Amino acid sequence: MKRTRLANLPTKIYRLERLSKELGANIWIKRDDQTGSELTGNKVRKLEFETADAIEKGCDLLITCGGIQSNHCRATVAAATQLGMKSAVLLRISDEPPVRGNYFLDRLLGADVRFCNQEEYRNHRQEIMEDMAEGYRKLGFNPYIIPEGASNAIGTLGYYTCMQEILQQEKQMGIEFNTIVVATGSGGTIAGLHLANELGHLGKRCIGMAVCDDVEYFTEIADRISNEAKYLLKEFLDTKDYSNAAVLRSNIEINDKYVGIGYALSRPEELDFIRKVARMESLILDPVYTGKAMYGLWNELQRDADPKTRINPDDNILFIHTGGLFGLFPISETFPL
């Protein structure tokens, strides 16, 4: 089995009692924000497979990319350091940023940092990372490039195995989750859940709440990644050969109604909602991912929600908390406390 054990697993599941009562619903939460501390969040599950592949290939340096407060970049840097590897990150910025939040941890953990602007990141990030890799090869390193969010076929195996973990917890708890909701920012997490749902014929409703881009964008990503990942299951997880199994694009569900004013940008009502949930459940959501996703879940449970996207409050609903705590601190002054 090609997997580096990095995360504290299984992550716990429990019912959000007060939120459920207020909405007249059955809302449960899976605490993937508790996969670790420096390695906290959903990216760690993906990095267990990415780093195993890097180690098998004899690599000693991880390169990845993201926004200045990227949870994925911070987790990659932490994983590299823990495994005795060097790390380098390409961070998207508009202006020279203050050293705080995830970026502070990137620096504290020893990452090399390279900046790029929005246009460079959108159109040339892979090219820039390849250039970085070539520079490190000349210094004697053997680099391994991980895409944004570790959202590729290898990384998505982390959430294929997460679904297997959920199935085990369902048996232990005597409950079946009909609907699973997760924030979607690069597509790999929802792709892994979709892959497991399809191959296992589980019949669950897996909803990716987009925090950027749109339905078409993430449907394309989840379809491509999940269909590429099915060829890796036997190699990485020693399962049966699923290469000929159907993984249907038509069963991918993305909701893009709660992107708001854009990626990592928050409206007052979203910040108010994060505060509300914190005070109701002692549950800290972040403004980039989980805050928007839970805000979407909240609204889709309302009686006047669009019937095409509405979530049935009678279902057992599982919200996967994908982390993001460190991203709160750089915007703490904007919160209505």
# chains A, B, ... in the order shown; residues from 1 in each chain; ligands from 1

call {"tool": "residues_around", "arguments": {"residues": "A:Arg74", "least_positions_apart": "4", "cutoff": "12 Å", "atoms": "only C-alpha atoms", "output": "number ranges by chain"}}
result
A: 37-44, 47, 62-70, 78-81, 87-91, 100-113, 148-149, 323-327

call {"tool": "write_last_selection", "arguments": {"atoms": "C-alpha atoms", "output": "short mmCIF file (atom, residue, chain, number, x, y, z; two decimals), in the first residue's frame"}}
result
data_model
loop_
_atom_site.label_atom_id
_atom_site.label_comp_id
_atom_site.auth_asym_id
_atom_site.auth_seq_id
_atom_site.Cartn_x
_atom_site.Cartn_y
_atom_site.Cartn_z
CA SER A 37 -2.19 20.61 14.21
CA GLU A 38 0.46 21.82 11.75
CA LEU A 39 -0.95 19.20 9.38
CA THR A 40 -4.58 20.04 10.10
CA GLY A 41 -7.29 19.91 7.45
CA ASN A 42 -8.45 17.88 4.49
CA LYS A 43 -5.21 18.25 2.53
CA VAL A 44 -3.42 15.85 4.86
CA LEU A 47 -0.75 14.32 1.10
CA LEU A 62 8.05 19.09 -2.50
CA ILE A 63 6.86 22.02 -4.62
CA THR A 64 3.27 23.25 -4.61
CA CYS A 65 1.17 26.39 -5.05
CA GLY A 66 -1.77 28.32 -3.67
CA GLY A 67 -2.98 31.65 -2.33
CA ILE A 68 -1.04 33.53 0.32
CA GLN A 69 -3.17 31.91 3.07
CA SER A 70 -3.30 28.48 1.44
CA ALA A 78 4.60 20.72 7.32
CA ALA A 79 4.48 17.25 5.74
CA ALA A 80 7.76 17.81 3.93
CA THR A 81 9.49 19.00 7.10
CA SER A 87 9.76 22.39 0.50
CA ALA A 88 9.05 25.30 -1.81
CA VAL A 89 5.75 27.11 -2.40
CA LEU A 90 4.50 29.41 -5.13
CA LEU A 91 2.10 31.89 -3.51
CA ARG A 100 0.95 35.99 9.44
CA GLY A 101 -1.48 33.07 9.39
CA ASN A 102 -0.61 30.18 7.09
CA TYR A 103 2.11 32.23 5.39
CA PHE A 104 3.81 32.73 8.75
CA LEU A 105 3.78 28.96 9.28
CA ASP A 106 5.18 28.36 5.79
CA ARG A 107 8.14 30.53 6.70
CA LEU A 108 8.47 29.18 10.24
CA LEU A 109 8.59 25.59 8.93
CA GLY A 110 11.38 26.46 6.52
CA ALA A 111 9.76 26.68 3.10
CA ASP A 112 11.35 28.53 0.21
CA VAL A 113 8.75 31.04 -0.99
CA GLU A 148 -3.03 23.21 -6.28
CA GLY A 149 -4.93 21.58 -3.43
CA GLY A 323 -10.07 22.98 8.30
CA GLY A 324 -8.83 26.53 7.78
CA LEU A 325 -8.40 27.87 11.32
CA PHE A 326 -5.11 29.67 10.61
CA GLY A 327 -6.76 31.66 7.81
#

call {"tool": "select_by_dssp", "arguments": {"residues": "stretch 143-225 of chain A", "states": "strand (DSSP E)", "output": "list in words"}}
result
Pro143, Tyr144, Ile145, Thr179, Ile180, Val181, Val182, Ala183, Thr184, Arg205, Cys206, Ile207, Gly208, Met209 and Ala210 of chain A

call {"tool": "write_last_selection", "arguments": {"atoms": "N, CA and C atoms", "output": "PDB file, in the first residue's frame"}}
result
ATOM      1  N   PRO A 143      13.059  17.092  -7.155  1.00  0.00           N
ATOM      2  CA  PRO A 143      11.782  17.689  -6.742  1.00  0.00           C
ATOM      3  C   PRO A 143      10.558  16.906  -7.211  1.00  0.00           C
ATOM      4  N   TYR A 144       9.472  17.098  -6.484  1.00  0.00           N
ATOM      5  CA  TYR A 144       8.175  16.476  -6.783  1.00  0.00           C
ATOM      6  C   TYR A 144       7.140  17.583  -6.740  1.00  0.00           C
ATOM      7  N   ILE A 145       6.427  17.804  -7.829  1.00  0.00           N
ATOM      8  CA  ILE A 145       5.438  18.880  -7.912  1.00  0.00           C
ATOM      9  C   ILE A 145       4.055  18.348  -7.561  1.00  0.00           C
ATOM     10  N   THR A 179     -26.832  12.395   2.957  1.00  0.00           N
ATOM     11  CA  THR A 179     -26.277  13.550   2.262  1.00  0.00           C
ATOM     12  C   THR A 179     -24.952  13.946   2.899  1.00  0.00           C
ATOM     13  N   ILE A 180     -23.930  14.171   2.072  1.00  0.00           N
ATOM     14  CA  ILE A 180     -22.616  14.611   2.544  1.00  0.00           C
ATOM     15  C   ILE A 180     -22.296  15.928   1.854  1.00  0.00           C
ATOM     16  N   VAL A 181     -21.910  16.927   2.647  1.00  0.00           N
ATOM     17  CA  VAL A 181     -21.628  18.269   2.132  1.00  0.00           C
ATOM     18  C   VAL A 181     -20.190  18.629   2.453  1.00  0.00           C
ATOM     19  N   VAL A 182     -19.477  19.188   1.462  1.00  0.00           N
ATOM     20  CA  VAL A 182     -18.086  19.562   1.674  1.00  0.00           C
ATOM     21  C   VAL A 182     -17.775  20.814   0.857  1.00  0.00           C
ATOM     22  N   ALA A 183     -16.911  21.679   1.402  1.00  0.00           N
ATOM     23  CA  ALA A 183     -16.436  22.844   0.654  1.00  0.00           C
ATOM     24  C   ALA A 183     -15.606  22.379  -0.536  1.00  0.00           C
ATOM     25  N   THR A 184     -15.720  23.109  -1.642  1.00  0.00           N
ATOM     26  CA  THR A 184     -15.002  22.745  -2.861  1.00  0.00           C
ATOM     27  C   THR A 184     -14.256  23.954  -3.401  1.00  0.00           C
ATOM     28  N   ARG A 205     -25.991  11.312  -1.560  1.00  0.00           N
ATOM     29  CA  ARG A 205     -25.960  12.600  -2.242  1.00  0.00           C
ATOM     30  C   ARG A 205     -24.729  13.362  -1.741  1.00  0.00           C
ATOM     31  N   CYS A 206     -23.711  13.478  -2.574  1.00  0.00           N
ATOM     32  CA  CYS A 206     -22.479  14.174  -2.209  1.00  0.00           C
ATOM     33  C   CYS A 206     -22.479  15.539  -2.887  1.00  0.00           C
ATOM     34  N   ILE A 207     -22.476  16.602  -2.080  1.00  0.00           N
ATOM     35  CA  ILE A 207     -22.602  17.960  -2.608  1.00  0.00           C
ATOM     36  C   ILE A 207     -21.312  18.726  -2.363  1.00  0.00           C
ATOM     37  N   GLY A 208     -20.736  19.244  -3.428  1.00  0.00           N
ATOM     38  CA  GLY A 208     -19.584  20.124  -3.314  1.00  0.00           C
ATOM     39  C   GLY A 208     -20.053  21.563  -3.327  1.00  0.00           C
ATOM     40  N   MET A 209     -19.900  22.263  -2.197  1.00  0.00           N
ATOM     41  CA  MET A 209     -20.261  23.679  -2.121  1.00  0.00           C
ATOM     42  C   MET A 209     -19.074  24.509  -2.626  1.00  0.00           C
ATOM     43  N   ALA A 210     -19.208  25.043  -3.833  1.00  0.00           N
ATOM     44  CA  ALA A 210     -18.115  25.786  -4.450  1.00  0.00           C
ATOM     45  C   ALA A 210     -17.838  27.079  -3.695  1.00  0.00           C
TER      46      ALA A 210
END

call {"tool": "closest_residue", "arguments": {"among": "A:Arg279, A:Arg15, A:Arg249, A:Arg267", "to": "A:Ile225", "atoms": "only C-alpha atoms"}}
result
A:Arg249

call {"tool": "select_by_dssp", "arguments": {"residues": "stretch 266-295 of chain A", "states": "alpha helix (DSSP H)", "output": "list in words"}}
result
Pro268, Glu269, Glu270, Leu271, Asp272, Phe273, Ile274, Arg275, Lys276, Val277, Ala278, Arg279, Met280, Glu281, Thr290, Gly291, Lys292, Ala293, Met294 and Tyr295 of chain A

call {"tool": "closest_residue", "arguments": {"among": "A:Leu233, A:Val99, A:Leu337, A:Ala133", "to": "A:Ala278", "atoms": "only C-alpha atoms"}}
result
A:Leu337
